[in-house]
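> File follows, structure_18.pdb with PDB, N, CA and C atoms:
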```pdb
ATOM      1  N   MET E 102       8.008 -12.840 -10.683
ATOM      2  CA  MET E 102       9.108 -12.731  -9.759
ATOM      3  C   MET E 102       8.929 -11.459  -8.941
ATOM      4  N   TYR E 103       9.250 -11.549  -7.675
ATOM      5  CA  TYR E 103       9.106 -10.424  -6.760
ATOM      6  C   TYR E 103      10.463 -10.057  -6.171
ATOM      7  N   ALA E 104      10.602  -8.805  -5.805
ATOM      8  CA  ALA E 104      11.807  -8.342  -5.120
ATOM      9  C   ALA E 104      11.397  -7.317  -4.075
ATOM     10  N   VAL E 105      12.092  -7.333  -2.952
ATOM     11  CA  VAL E 105      11.844  -6.350  -1.903
ATOM     12  C   VAL E 105      12.331  -4.994  -2.419
ATOM     13  N   SER E 106      11.523  -3.969  -2.233
ATOM     14  CA  SER E 106      11.874  -2.622  -2.690
ATOM     15  C   SER E 106      13.156  -2.147  -2.016
ATOM     16  N   PRO E 107      13.954  -1.341  -2.725
ATOM     17  CA  PRO E 107      15.268  -0.925  -2.204
ATOM     18  C   PRO E 107      15.242  -0.190  -0.866
ATOM     19  N   GLY E 108      14.217   0.607  -0.579
ATOM     20  CA  GLY E 108      14.170   1.378   0.655
ATOM     21  C   GLY E 108      13.576   0.637   1.836
ATOM     22  N   VAL E 109      13.388  -0.668   1.706
ATOM     23  CA  VAL E 109      12.742  -1.461   2.752
ATOM     24  C   VAL E 109      13.789  -2.192   3.590
ATOM     25  N   ARG E 110      13.659  -2.063   4.895
ATOM     26  CA  ARG E 110      14.513  -2.784   5.849
ATOM     27  C   ARG E 110      13.612  -3.593   6.757
ATOM     28  N   SER E 111      14.072  -4.776   7.153
ATOM     29  CA  SER E 111      13.254  -5.602   8.039
ATOM     30  C   SER E 111      14.136  -6.335   9.033
ATOM     31  N   THR E 112      13.497  -6.712  10.131
ATOM     32  CA  THR E 112      14.182  -7.492  11.153
ATOM     33  C   THR E 112      13.177  -8.439  11.787
ATOM     34  N   GLY E 113      13.654  -9.575  12.218
ATOM     35  CA  GLY E 113      12.797 -10.557  12.873
ATOM     36  C   GLY E 113      12.622 -10.238  14.346
ATOM     37  N   THR E 114      11.454 -10.597  14.875
ATOM     38  CA  THR E 114      11.170 -10.448  16.298
ATOM     39  C   THR E 114      10.570 -11.754  16.794
ATOM     40  N   GLU E 115      10.342 -11.844  18.096
ATOM     41  CA  GLU E 115       9.701 -13.033  18.657
ATOM     42  C   GLU E 115       8.313 -13.255  18.075
ATOM     43  N   ASP E 116       7.632 -12.159  17.729
ATOM     44  CA  ASP E 116       6.255 -12.229  17.244
ATOM     45  C   ASP E 116       6.148 -12.221  15.722
ATOM     46  N   GLY E 117       7.261 -12.185  15.009
ATOM     47  CA  GLY E 117       7.227 -12.149  13.557
ATOM     48  C   GLY E 117       8.302 -11.254  13.002
ATOM     49  N   GLY E 118       7.952  -9.991  12.715
ATOM     50  CA  GLY E 118       8.949  -9.090  12.166
ATOM     51  C   GLY E 118       8.463  -7.661  12.112
ATOM     52  N   ILE E 119       9.418  -6.773  11.929
ATOM     53  CA  ILE E 119       9.156  -5.349  11.765
ATOM     54  C   ILE E 119       9.737  -4.933  10.417
ATOM     55  N   VAL E 120       8.965  -4.169   9.660
ATOM     56  CA  VAL E 120       9.401  -3.695   8.353
ATOM     57  C   VAL E 120       9.379  -2.173   8.367
ATOM     58  N   LEU E 121      10.458  -1.561   7.920
ATOM     59  CA  LEU E 121      10.552  -0.115   7.828
ATOM     60  C   LEU E 121      10.733   0.264   6.366
ATOM     61  N   ASP E 122       9.846   1.101   5.883
ATOM     62  CA  ASP E 122       9.958   1.650   4.542
ATOM     63  C   ASP E 122      10.607   3.023   4.697
ATOM     64  N   ILE E 123      11.901   3.074   4.481
ATOM     65  CA  ILE E 123      12.668   4.298   4.679
ATOM     66  C   ILE E 123      12.191   5.404   3.746
ATOM     67  N   ASP E 124      11.900   5.059   2.499
ATOM     68  CA  ASP E 124      11.499   6.058   1.509
ATOM     69  C   ASP E 124      10.194   6.756   1.869
ATOM     70  N   ARG E 125       9.262   6.044   2.490
ATOM     71  CA  ARG E 125       7.951   6.599   2.797
ATOM     72  C   ARG E 125       7.739   6.877   4.283
ATOM     73  N   GLY E 126       8.711   6.537   5.104
ATOM     74  CA  GLY E 126       8.605   6.793   6.530
ATOM     75  C   GLY E 126       7.505   5.995   7.210
ATOM     76  N   GLN E 127       7.300   4.761   6.756
ATOM     77  CA  GLN E 127       6.253   3.914   7.334
ATOM     78  C   GLN E 127       6.870   2.676   7.973
ATOM     79  N   MET E 128       6.195   2.185   9.015
ATOM     80  CA  MET E 128       6.627   0.972   9.683
ATOM     81  C   MET E 128       5.454   0.000   9.743
ATOM     82  N   PHE E 129       5.753  -1.282   9.550
ATOM     83  CA  PHE E 129       4.733  -2.324   9.566
ATOM     84  C   PHE E 129       5.187  -3.449  10.485
ATOM     85  N   ARG E 130       4.228  -4.076  11.123
ATOM     86  CA  ARG E 130       4.507  -5.250  11.942
ATOM     87  C   ARG E 130       3.963  -6.472  11.218
ATOM     88  N   LEU E 131       4.762  -7.535  11.152
ATOM     89  CA  LEU E 131       4.350  -8.768  10.483
ATOM     90  C   LEU E 131       4.227  -9.900  11.484
ATOM     91  N   ASN E 132       3.234 -10.761  11.258
ATOM     92  CA  ASN E 132       3.145 -11.982  12.052
ATOM     93  C   ASN E 132       4.219 -12.949  11.541
ATOM     94  N   PRO E 133       4.411 -14.091  12.191
ATOM     95  CA  PRO E 133       5.477 -15.010  11.765
ATOM     96  C   PRO E 133       5.363 -15.457  10.304
ATOM     97  N   VAL E 134       4.159 -15.670   9.809
ATOM     98  CA  VAL E 134       3.997 -16.104   8.418
ATOM     99  C   VAL E 134       4.376 -14.965   7.472
ATOM    100  N   GLY E 135       3.936 -13.763   7.760
ATOM    101  CA  GLY E 135       4.294 -12.613   6.937
ATOM    102  C   GLY E 135       5.800 -12.390   6.917
ATOM    103  N   ALA E 136       6.436 -12.539   8.074
ATOM    104  CA  ALA E 136       7.888 -12.385   8.159
ATOM    105  C   ALA E 136       8.593 -13.451   7.326
ATOM    106  N   LEU E 137       8.092 -14.680   7.375
ATOM    107  CA  LEU E 137       8.663 -15.768   6.574
ATOM    108  C   LEU E 137       8.542 -15.463   5.082
ATOM    109  N   ILE E 138       7.386 -14.950   4.671
ATOM    110  CA  ILE E 138       7.168 -14.626   3.261
ATOM    111  C   ILE E 138       8.144 -13.538   2.816
ATOM    112  N   LEU E 139       8.245 -12.461   3.571
ATOM    113  CA  LEU E 139       9.122 -11.359   3.184
ATOM    114  C   LEU E 139      10.588 -11.797   3.169
ATOM    115  N   GLU E 140      11.002 -12.560   4.165
ATOM    116  CA  GLU E 140      12.374 -13.068   4.223
ATOM    117  C   GLU E 140      12.669 -13.967   3.028
ATOM    118  N   SER E 141      11.710 -14.807   2.669
ATOM    119  CA  SER E 141      11.879 -15.706   1.523
ATOM    120  C   SER E 141      11.975 -14.934   0.217
ATOM    121  N   LEU E 142      11.177 -13.872   0.078
ATOM    122  CA  LEU E 142      11.258 -13.023  -1.118
ATOM    123  C   LEU E 142      12.638 -12.383  -1.222
ATOM    124  N   ALA E 143      13.161 -11.930  -0.100
ATOM    125  CA  ALA E 143      14.479 -11.298  -0.089
ATOM    126  C   ALA E 143      15.559 -12.277  -0.541
ATOM    127  N   LYS E 144      15.316 -13.562  -0.339
ATOM    128  CA  LYS E 144      16.262 -14.598  -0.763
ATOM    129  C   LYS E 144      16.019 -15.040  -2.205
ATOM    130  N   GLY E 145      15.016 -14.436  -2.859
ATOM    131  CA  GLY E 145      14.761 -14.745  -4.262
ATOM    132  C   GLY E 145      13.863 -15.939  -4.509
ATOM    133  N   ARG E 146      13.157 -16.400  -3.498
ATOM    134  CA  ARG E 146      12.274 -17.557  -3.660
ATOM    135  C   ARG E 146      10.970 -17.149  -4.332
ATOM    136  N   ALA E 147      10.427 -18.044  -5.140
ATOM    137  CA  ALA E 147       9.170 -17.807  -5.855
ATOM    138  C   ALA E 147       7.982 -17.993  -4.922
ATOM    139  N   ASP E 148       6.859 -17.375  -5.277
ATOM    140  CA  ASP E 148       5.663 -17.449  -4.432
ATOM    141  C   ASP E 148       5.193 -18.883  -4.217
ATOM    142  N   THR E 149       5.259 -19.719  -5.246
ATOM    143  CA  THR E 149       4.813 -21.109  -5.088
ATOM    144  C   THR E 149       5.739 -21.899  -4.168
ATOM    145  N   GLU E 150       7.018 -21.609  -4.230
ATOM    146  CA  GLU E 150       7.988 -22.260  -3.349
ATOM    147  C   GLU E 150       7.735 -21.855  -1.891
ATOM    148  N   ILE E 151       7.441 -20.582  -1.694
ATOM    149  CA  ILE E 151       7.137 -20.078  -0.347
ATOM    150  C   ILE E 151       5.868 -20.738   0.180
ATOM    151  N   ALA E 152       4.855 -20.853  -0.673
ATOM    152  CA  ALA E 152       3.593 -21.482  -0.270
ATOM    153  C   ALA E 152       3.802 -22.935   0.131
ATOM    154  N   LYS E 153       4.659 -23.647  -0.579
ATOM    155  CA  LYS E 153       4.943 -25.040  -0.219
ATOM    156  C   LYS E 153       5.576 -25.126   1.164
ATOM    157  N   GLU E 154       6.484 -24.212   1.450
ATOM    158  CA  GLU E 154       7.127 -24.180   2.764
ATOM    159  C   GLU E 154       6.108 -23.892   3.868
ATOM    160  N   ILE E 155       5.228 -22.938   3.637
ATOM    161  CA  ILE E 155       4.189 -22.611   4.611
ATOM    162  C   ILE E 155       3.250 -23.793   4.802
ATOM    163  N   SER E 156       2.899 -24.446   3.717
ATOM    164  CA  SER E 156       2.039 -25.629   3.785
ATOM    165  C   SER E 156       2.662 -26.705   4.674
ATOM    166  N   ARG E 157       3.957 -26.928   4.507
ATOM    167  CA  ARG E 157       4.664 -27.936   5.330
ATOM    168  C   ARG E 157       4.745 -27.498   6.789
ATOM    169  N   GLN E 158       5.154 -26.249   7.023
ATOM    170  CA  GLN E 158       5.380 -25.786   8.391
ATOM    171  C   GLN E 158       4.098 -25.679   9.214
ATOM    172  N   TYR E 159       2.993 -25.288   8.561
ATOM    173  CA  TYR E 159       1.769 -25.020   9.296
ATOM    174  C   TYR E 159       0.667 -26.042   9.039
ATOM    175  N   SER E 160       1.004 -27.111   8.325
ATOM    176  CA  SER E 160       0.058 -28.208   8.057
ATOM    177  C   SER E 160      -1.264 -27.713   7.474
ATOM    178  N   ILE E 161      -1.163 -26.888   6.429
ATOM    179  CA  ILE E 161      -2.366 -26.464   5.712
ATOM    180  C   ILE E 161      -2.240 -26.914   4.267
ATOM    181  N   GLY E 162      -3.345 -26.956   3.574
ATOM    182  CA  GLY E 162      -3.338 -27.374   2.183
ATOM    183  C   GLY E 162      -2.511 -26.425   1.327
ATOM    184  N   GLU E 163      -1.848 -26.999   0.334
ATOM    185  CA  GLU E 163      -0.986 -26.190  -0.526
ATOM    186  C   GLU E 163      -1.777 -25.145  -1.311
ATOM    187  N   GLU E 164      -2.968 -25.510  -1.775
ATOM    188  CA  GLU E 164      -3.790 -24.546  -2.524
ATOM    189  C   GLU E 164      -4.162 -23.349  -1.652
ATOM    190  N   SER E 165      -4.504 -23.625  -0.407
ATOM    191  CA  SER E 165      -4.835 -22.553   0.532
ATOM    192  C   SER E 165      -3.613 -21.682   0.797
ATOM    193  N   ALA E 166      -2.458 -22.312   0.950
ATOM    194  CA  ALA E 166      -1.220 -21.567   1.190
ATOM    195  C   ALA E 166      -0.881 -20.671   0.000
ATOM    196  N   VAL E 167      -1.040 -21.183  -1.216
ATOM    197  CA  VAL E 167      -0.762 -20.387  -2.422
ATOM    198  C   VAL E 167      -1.675 -19.169  -2.456
ATOM    199  N   ALA E 168      -2.960 -19.372  -2.191
ATOM    200  CA  ALA E 168      -3.916 -18.259  -2.206
ATOM    201  C   ALA E 168      -3.559 -17.219  -1.145
ATOM    202  N   ASP E 169      -3.209 -17.682   0.040
ATOM    203  CA  ASP E 169      -2.864 -16.760   1.128
ATOM    204  C   ASP E 169      -1.578 -15.986   0.820
ATOM    205  N   VAL E 170      -0.575 -16.672   0.279
ATOM    206  CA  VAL E 170       0.680 -16.012  -0.065
ATOM    207  C   VAL E 170       0.436 -14.953  -1.129
ATOM    208  N   ARG E 171      -0.320 -15.288  -2.151
ATOM    209  CA  ARG E 171      -0.577 -14.326  -3.228
ATOM    210  C   ARG E 171      -1.367 -13.118  -2.729
ATOM    211  N   GLU E 172      -2.302 -13.343  -1.819
ATOM    212  CA  GLU E 172      -3.059 -12.227  -1.245
ATOM    213  C   GLU E 172      -2.131 -11.312  -0.441
ATOM    214  N   PHE E 173      -1.234 -11.911   0.328
ATOM    215  CA  PHE E 173      -0.288 -11.123   1.116
ATOM    216  C   PHE E 173       0.668 -10.349   0.202
ATOM    217  N   LEU E 174       1.105 -10.979  -0.888
ATOM    218  CA  LEU E 174       1.993 -10.311  -1.837
ATOM    219  C   LEU E 174       1.310  -9.097  -2.462
ATOM    220  N   LYS E 175       0.012  -9.211  -2.744
ATOM    221  CA  LYS E 175      -0.732  -8.064  -3.281
ATOM    222  C   LYS E 175      -0.723  -6.914  -2.277
ATOM    223  N   SER E 176      -0.894  -7.239  -1.002
ATOM    224  CA  SER E 176      -0.869  -6.221   0.031
ATOM    225  C   SER E 176       0.514  -5.562   0.128
ATOM    226  N   LEU E 177       1.577  -6.376   0.076
ATOM    227  CA  LEU E 177       2.928  -5.825   0.106
ATOM    228  C   LEU E 177       3.169  -4.910  -1.089
ATOM    229  N   GLU E 178       2.660  -5.323  -2.243
ATOM    230  CA  GLU E 178       2.823  -4.515  -3.455
ATOM    231  C   GLU E 178       2.049  -3.188  -3.339
ATOM    232  N   GLN E 179       0.838  -3.243  -2.797
ATOM    233  CA  GLN E 179       0.040  -2.027  -2.624
ATOM    234  C   GLN E 179       0.741  -1.023  -1.707
ATOM    235  N   HIS E 180       1.453  -1.540  -0.716
ATOM    236  CA  HIS E 180       2.191  -0.676   0.205
ATOM    237  C   HIS E 180       3.589  -0.340  -0.325
ATOM    238  N   LYS E 181       3.884  -0.793  -1.539
ATOM    239  CA  LYS E 181       5.156  -0.542  -2.223
ATOM    240  C   LYS E 181       6.360  -1.112  -1.472
ATOM    241  N   LEU E 182       6.128  -2.211  -0.751
ATOM    242  CA  LEU E 182       7.216  -2.879  -0.046
ATOM    243  C   LEU E 182       7.936  -3.886  -0.943
ATOM    244  N   ILE E 183       7.246  -4.328  -1.997
ATOM    245  CA  ILE E 183       7.857  -5.218  -2.973
ATOM    246  C   ILE E 183       7.556  -4.701  -4.371
ATOM    247  N   ARG E 184       8.328  -5.200  -5.322
ATOM    248  CA  ARG E 184       8.116  -4.892  -6.731
ATOM    249  C   ARG E 184       7.943  -6.193  -7.482
ATOM    250  N   VAL E 185       7.147  -6.136  -8.544
ATOM    251  CA  VAL E 185       6.889  -7.317  -9.363
ATOM    252  C   VAL E 185       7.661  -7.174 -10.662
ATOM    253  N   TYR E 186       8.331  -8.241 -11.047
ATOM    254  CA  TYR E 186       9.100  -8.271 -12.289
ATOM    255  C   TYR E 186       8.596  -9.399 -13.166
ATOM    256  N   GLN E 187       8.666  -9.193 -14.469
ATOM    257  CA  GLN E 187       8.194 -10.206 -15.415
ATOM    258  C   GLN E 187       9.159 -11.376 -15.530
ATOM    259  N   ASP E 188      10.448 -11.124 -15.351
ATOM    260  CA  ASP E 188      11.429 -12.206 -15.460
ATOM    261  C   ASP E 188      12.565 -11.967 -14.479
ATOM    262  N   GLU E 189      13.377 -13.002 -14.263
ATOM    263  CA  GLU E 189      14.459 -12.914 -13.284
ATOM    264  C   GLU E 189      15.541 -11.942 -13.693
ATOM    265  N   SER E 190      15.806 -11.799 -14.998
ATOM    266  CA  SER E 190      16.902 -10.939 -15.433
ATOM    267  C   SER E 190      16.630  -9.480 -15.069
ATOM    268  N   SER E 191      15.384  -9.018 -15.213
ATOM    269  CA  SER E 191      15.085  -7.631 -14.849
ATOM    270  C   SER E 191      15.162  -7.447 -13.339
ATOM    271  N   CYS E 192      14.797  -8.467 -12.585
ATOM    272  CA  CYS E 192      14.885  -8.412 -11.123
ATOM    273  C   CYS E 192      16.353  -8.324 -10.706
ATOM    274  N   SER E 193      17.214  -9.122 -11.315
ATOM    275  CA  SER E 193      18.633  -9.112 -10.977
ATOM    276  C   SER E 193      19.267  -7.780 -11.315
ATOM    277  N   ARG E 194      18.902  -7.201 -12.460
ATOM    278  CA  ARG E 194      19.443  -5.900 -12.841
ATOM    279  C   ARG E 194      19.011  -4.843 -11.827
ATOM    280  N   GLN E 195      17.738  -4.879 -11.400
ATOM    281  CA  GLN E 195      17.221  -3.894 -10.464
ATOM    282  C   GLN E 195      17.938  -3.973  -9.123
ATOM    283  N   GLN E 196      18.251  -5.199  -8.692
ATOM    284  CA  GLN E 196      18.909  -5.385  -7.398
ATOM    285  C   GLN E 196      20.422  -5.214  -7.490
ATOM    286  N   GLY E 197      20.922  -4.982  -8.707
ATOM    287  CA  GLY E 197      22.348  -4.783  -8.879
ATOM    288  C   GLY E 197      23.135  -6.074  -8.949
ATOM    289  N   ASN E 198      22.473  -7.179  -9.248
ATOM    290  CA  ASN E 198      23.146  -8.471  -9.304
ATOM    291  C   ASN E 198      23.462  -8.915 -10.724
ATOM    292  N   GLY E 199      23.127  -8.098 -11.708
ATOM    293  CA  GLY E 199      23.330  -8.635 -13.047
ATOM    294  C   GLY E 199      23.885  -7.715 -14.020
TER     295      GLY E 199
END
```
Now, as a test, write the supplied structure out as structure tokens.


Amino acid sequence: MYAVSPGVRSTGTEDGGIVLDIDRGQMFRLNPVGALILESLAKGRADTEIAKEISRQYSIGEESAVADVREFLKSLEQHKLIRVYQDESSCSRQQGNG
């Protein structure tokens, strides 16, 4: 399970999205697929669910979509824009929902 880090703010643009990491003073630009992935994570969707949506929207194979989503998630994690949790309960506690 993934969650967007607390200091991260994002907004959609015509070209995808802009992400601001307030804690680290960094800004990132996302293409439309990256923006969709980050927005879906913020809504609590699982990586496989996101990959299925990308597969449908962009007419690519589901296996390819899963691989691409997971690679992008690794990049987001390396930049500390998301956090990885072992289960949903720890994610909910971290986000203040539980």

> From the options E:Gly117, E:Ser160, E:Leu182, E:Thr149, which residue's atoms come nearest to Gly135 (chain E), counting only N, CA and C atoms?

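For Gly135 (chain E), the nearest of the given residues is E:Gly117.
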
> Write out as JSON, numbers by chain the residues lying within 8 Å of Gly118 (chain E), counting all atoms listed in the file and excluding same-chain residues fewer than 4 positions away.

{"E": [111, 112, 113, 114, 129, 130, 131, 132, 133, 134, 135, 136, 137]}

> Given the file shown, determine the residues that the PyMOL selection byres ((chain E and resi 167) around 8) selects; report them as a short mmCIF file (atom, residue, chain, number, x, y, z; two decimals) with N, CA and C atoms, keeping the file's coordinate frame.


```cif
data_model
loop_
_atom_site.label_atom_id
_atom_site.label_comp_id
_atom_site.auth_asym_id
_atom_site.auth_seq_id
_atom_site.Cartn_x
_atom_site.Cartn_y
_atom_site.Cartn_z
N ASP E 148 6.86 -17.38 -5.28
CA ASP E 148 5.66 -17.45 -4.43
C ASP E 148 5.19 -18.88 -4.22
N THR E 149 5.26 -19.72 -5.25
CA THR E 149 4.81 -21.11 -5.09
C THR E 149 5.74 -21.90 -4.17
N ILE E 151 7.44 -20.58 -1.69
CA ILE E 151 7.14 -20.08 -0.35
C ILE E 151 5.87 -20.74 0.18
N ALA E 152 4.86 -20.85 -0.67
CA ALA E 152 3.59 -21.48 -0.27
C ALA E 152 3.80 -22.94 0.13
N LYS E 153 4.66 -23.65 -0.58
CA LYS E 153 4.94 -25.04 -0.22
C LYS E 153 5.58 -25.13 1.16
N ILE E 155 5.23 -22.94 3.64
CA ILE E 155 4.19 -22.61 4.61
C ILE E 155 3.25 -23.79 4.80
N SER E 156 2.90 -24.45 3.72
CA SER E 156 2.04 -25.63 3.78
C SER E 156 2.66 -26.70 4.67
N GLY E 162 -3.34 -26.96 3.57
CA GLY E 162 -3.34 -27.37 2.18
C GLY E 162 -2.51 -26.42 1.33
N GLU E 163 -1.85 -27.00 0.33
CA GLU E 163 -0.99 -26.19 -0.53
C GLU E 163 -1.78 -25.14 -1.31
N GLU E 164 -2.97 -25.51 -1.78
CA GLU E 164 -3.79 -24.55 -2.52
C GLU E 164 -4.16 -23.35 -1.65
N SER E 165 -4.50 -23.62 -0.41
CA SER E 165 -4.84 -22.55 0.53
C SER E 165 -3.61 -21.68 0.80
N ALA E 166 -2.46 -22.31 0.95
CA ALA E 166 -1.22 -21.57 1.19
C ALA E 166 -0.88 -20.67 0.00
N ALA E 168 -2.96 -19.37 -2.19
CA ALA E 168 -3.92 -18.26 -2.21
C ALA E 168 -3.56 -17.22 -1.14
N ASP E 169 -3.21 -17.68 0.04
CA ASP E 169 -2.86 -16.76 1.13
C ASP E 169 -1.58 -15.99 0.82
N VAL E 170 -0.57 -16.67 0.28
CA VAL E 170 0.68 -16.01 -0.06
C VAL E 170 0.44 -14.95 -1.13
N ARG E 171 -0.32 -15.29 -2.15
CA ARG E 171 -0.58 -14.33 -3.23
C ARG E 171 -1.37 -13.12 -2.73
N GLU E 172 -2.30 -13.34 -1.82
CA GLU E 172 -3.06 -12.23 -1.25
C GLU E 172 -2.13 -11.31 -0.44
N PHE E 173 -1.23 -11.91 0.33
CA PHE E 173 -0.29 -11.12 1.12
C PHE E 173 0.67 -10.35 0.20
#
```

> Which parts of region 103-157 of chain E does DSSP call strand (DSSP E) when run on the backbone here, written out as a PyMOL selection string?

chain E and resi 103-105+109-114+117-122+127-131

> Calculate how many Å separate CA of Ile138 (chain E) from CA of Ile183 (chain E), rounding to one decimal.

11.3 Å

> Using Å and a single decimal, report how far CA of Leu142 (chain E) sits from CA of Tyr159 (chain E).

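Taking CA of Tyr159 (chain E) as the start and CA of Leu142 (chain E) as the end point, the length is 18.5 Å.
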
> Taking the file as I've supplied it (selection: the PyMOL selection byres ((chain E and resi 106) around 5)), which residues are included? Please answer as a count of residues only.

8

> What's the separation between CA of Glu115 (chain E) and CA of Lys175 (chain E), in Å to one decimal place?

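These atoms are spaced 24.8 Å apart.
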
> Could you pull out the helix (DSSP H, G or I) residues of chain E, going by DSSP on the backbone, and write them as a ChimeraX atom specification?

/E:133-143,148-159,163-179,189-196

> If you keep N, CA and C atoms, can you produce a file of those selected residues as a compact mmCIF listing (two decimals), in the coordinates of the input?


```txt
# COMPACT_ATOMS: atom_id res chain seq x y z
N PRO E 133 4.41 -14.09 12.19
CA PRO E 133 5.48 -15.01 11.76
C PRO E 133 5.36 -15.46 10.30
N VAL E 134 4.16 -15.67 9.81
CA VAL E 134 4.00 -16.10 8.42
C VAL E 134 4.38 -14.96 7.47
N GLY E 135 3.94 -13.76 7.76
CA GLY E 135 4.29 -12.61 6.94
C GLY E 135 5.80 -12.39 6.92
N ALA E 136 6.44 -12.54 8.07
CA ALA E 136 7.89 -12.38 8.16
C ALA E 136 8.59 -13.45 7.33
N LEU E 137 8.09 -14.68 7.38
CA LEU E 137 8.66 -15.77 6.57
C LEU E 137 8.54 -15.46 5.08
N ILE E 138 7.39 -14.95 4.67
CA ILE E 138 7.17 -14.63 3.26
C ILE E 138 8.14 -13.54 2.82
N LEU E 139 8.24 -12.46 3.57
CA LEU E 139 9.12 -11.36 3.18
C LEU E 139 10.59 -11.80 3.17
N GLU E 140 11.00 -12.56 4.16
CA GLU E 140 12.37 -13.07 4.22
C GLU E 140 12.67 -13.97 3.03
N SER E 141 11.71 -14.81 2.67
CA SER E 141 11.88 -15.71 1.52
C SER E 141 11.98 -14.93 0.22
N LEU E 142 11.18 -13.87 0.08
CA LEU E 142 11.26 -13.02 -1.12
C LEU E 142 12.64 -12.38 -1.22
N ALA E 143 13.16 -11.93 -0.10
CA ALA E 143 14.48 -11.30 -0.09
C ALA E 143 15.56 -12.28 -0.54
N ASP E 148 6.86 -17.38 -5.28
CA ASP E 148 5.66 -17.45 -4.43
C ASP E 148 5.19 -18.88 -4.22
N THR E 149 5.26 -19.72 -5.25
CA THR E 149 4.81 -21.11 -5.09
C THR E 149 5.74 -21.90 -4.17
N GLU E 150 7.02 -21.61 -4.23
CA GLU E 150 7.99 -22.26 -3.35
C GLU E 150 7.74 -21.86 -1.89
N ILE E 151 7.44 -20.58 -1.69
CA ILE E 151 7.14 -20.08 -0.35
C ILE E 151 5.87 -20.74 0.18
N ALA E 152 4.86 -20.85 -0.67
CA ALA E 152 3.59 -21.48 -0.27
C ALA E 152 3.80 -22.94 0.13
N LYS E 153 4.66 -23.65 -0.58
CA LYS E 153 4.94 -25.04 -0.22
C LYS E 153 5.58 -25.13 1.16
N GLU E 154 6.48 -24.21 1.45
CA GLU E 154 7.13 -24.18 2.76
C GLU E 154 6.11 -23.89 3.87
N ILE E 155 5.23 -22.94 3.64
CA ILE E 155 4.19 -22.61 4.61
C ILE E 155 3.25 -23.79 4.80
N SER E 156 2.90 -24.45 3.72
CA SER E 156 2.04 -25.63 3.78
C SER E 156 2.66 -26.70 4.67
N ARG E 157 3.96 -26.93 4.51
CA ARG E 157 4.66 -27.94 5.33
C ARG E 157 4.74 -27.50 6.79
N GLN E 158 5.15 -26.25 7.02
CA GLN E 158 5.38 -25.79 8.39
C GLN E 158 4.10 -25.68 9.21
N TYR E 159 2.99 -25.29 8.56
CA TYR E 159 1.77 -25.02 9.30
C TYR E 159 0.67 -26.04 9.04
N GLU E 163 -1.85 -27.00 0.33
CA GLU E 163 -0.99 -26.19 -0.53
C GLU E 163 -1.78 -25.14 -1.31
N GLU E 164 -2.97 -25.51 -1.78
CA GLU E 164 -3.79 -24.55 -2.52
C GLU E 164 -4.16 -23.35 -1.65
N SER E 165 -4.50 -23.62 -0.41
CA SER E 165 -4.84 -22.55 0.53
C SER E 165 -3.61 -21.68 0.80
N ALA E 166 -2.46 -22.31 0.95
CA ALA E 166 -1.22 -21.57 1.19
C ALA E 166 -0.88 -20.67 0.00
N VAL E 167 -1.04 -21.18 -1.22
CA VAL E 167 -0.76 -20.39 -2.42
C VAL E 167 -1.68 -19.17 -2.46
N ALA E 168 -2.96 -19.37 -2.19
CA ALA E 168 -3.92 -18.26 -2.21
C ALA E 168 -3.56 -17.22 -1.14
N ASP E 169 -3.21 -17.68 0.04
CA ASP E 169 -2.86 -16.76 1.13
C ASP E 169 -1.58 -15.99 0.82
N VAL E 170 -0.57 -16.67 0.28
CA VAL E 170 0.68 -16.01 -0.06
C VAL E 170 0.44 -14.95 -1.13
N ARG E 171 -0.32 -15.29 -2.15
CA ARG E 171 -0.58 -14.33 -3.23
C ARG E 171 -1.37 -13.12 -2.73
N GLU E 172 -2.30 -13.34 -1.82
CA GLU E 172 -3.06 -12.23 -1.25
C GLU E 172 -2.13 -11.31 -0.44
N PHE E 173 -1.23 -11.91 0.33
CA PHE E 173 -0.29 -11.12 1.12
C PHE E 173 0.67 -10.35 0.20
N LEU E 174 1.10 -10.98 -0.89
CA LEU E 174 1.99 -10.31 -1.84
C LEU E 174 1.31 -9.10 -2.46
N LYS E 175 0.01 -9.21 -2.74
CA LYS E 175 -0.73 -8.06 -3.28
C LYS E 175 -0.72 -6.91 -2.28
N SER E 176 -0.89 -7.24 -1.00
CA SER E 176 -0.87 -6.22 0.03
C SER E 176 0.51 -5.56 0.13
N LEU E 177 1.58 -6.38 0.08
CA LEU E 177 2.93 -5.82 0.11
C LEU E 177 3.17 -4.91 -1.09
N GLU E 178 2.66 -5.32 -2.24
CA GLU E 178 2.82 -4.51 -3.46
C GLU E 178 2.05 -3.19 -3.34
N GLN E 179 0.84 -3.24 -2.80
CA GLN E 179 0.04 -2.03 -2.62
C GLN E 179 0.74 -1.02 -1.71
N GLU E 189 13.38 -13.00 -14.26
CA GLU E 189 14.46 -12.91 -13.28
C GLU E 189 15.54 -11.94 -13.69
N SER E 190 15.81 -11.80 -15.00
CA SER E 190 16.90 -10.94 -15.43
C SER E 190 16.63 -9.48 -15.07
N SER E 191 15.38 -9.02 -15.21
CA SER E 191 15.08 -7.63 -14.85
C SER E 191 15.16 -7.45 -13.34
N CYS E 192 14.80 -8.47 -12.58
CA CYS E 192 14.88 -8.41 -11.12
C CYS E 192 16.35 -8.32 -10.71
N SER E 193 17.21 -9.12 -11.32
CA SER E 193 18.63 -9.11 -10.98
C SER E 193 19.27 -7.78 -11.32
N ARG E 194 18.90 -7.20 -12.46
CA ARG E 194 19.44 -5.90 -12.84
C ARG E 194 19.01 -4.84 -11.83
N GLN E 195 17.74 -4.88 -11.40
CA GLN E 195 17.22 -3.89 -10.46
C GLN E 195 17.94 -3.97 -9.12
N GLN E 196 18.25 -5.20 -8.69
CA GLN E 196 18.91 -5.38 -7.40
C GLN E 196 20.42 -5.21 -7.49
```

> Using only C-alpha atoms for the distances, tell me which of E:Leu121, E:Arg157, E:Gly126, E:Ala147 is nearest to Tyr103 (chain E).

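Closest to Tyr103 (chain E) of all the choices is E:Ala147.
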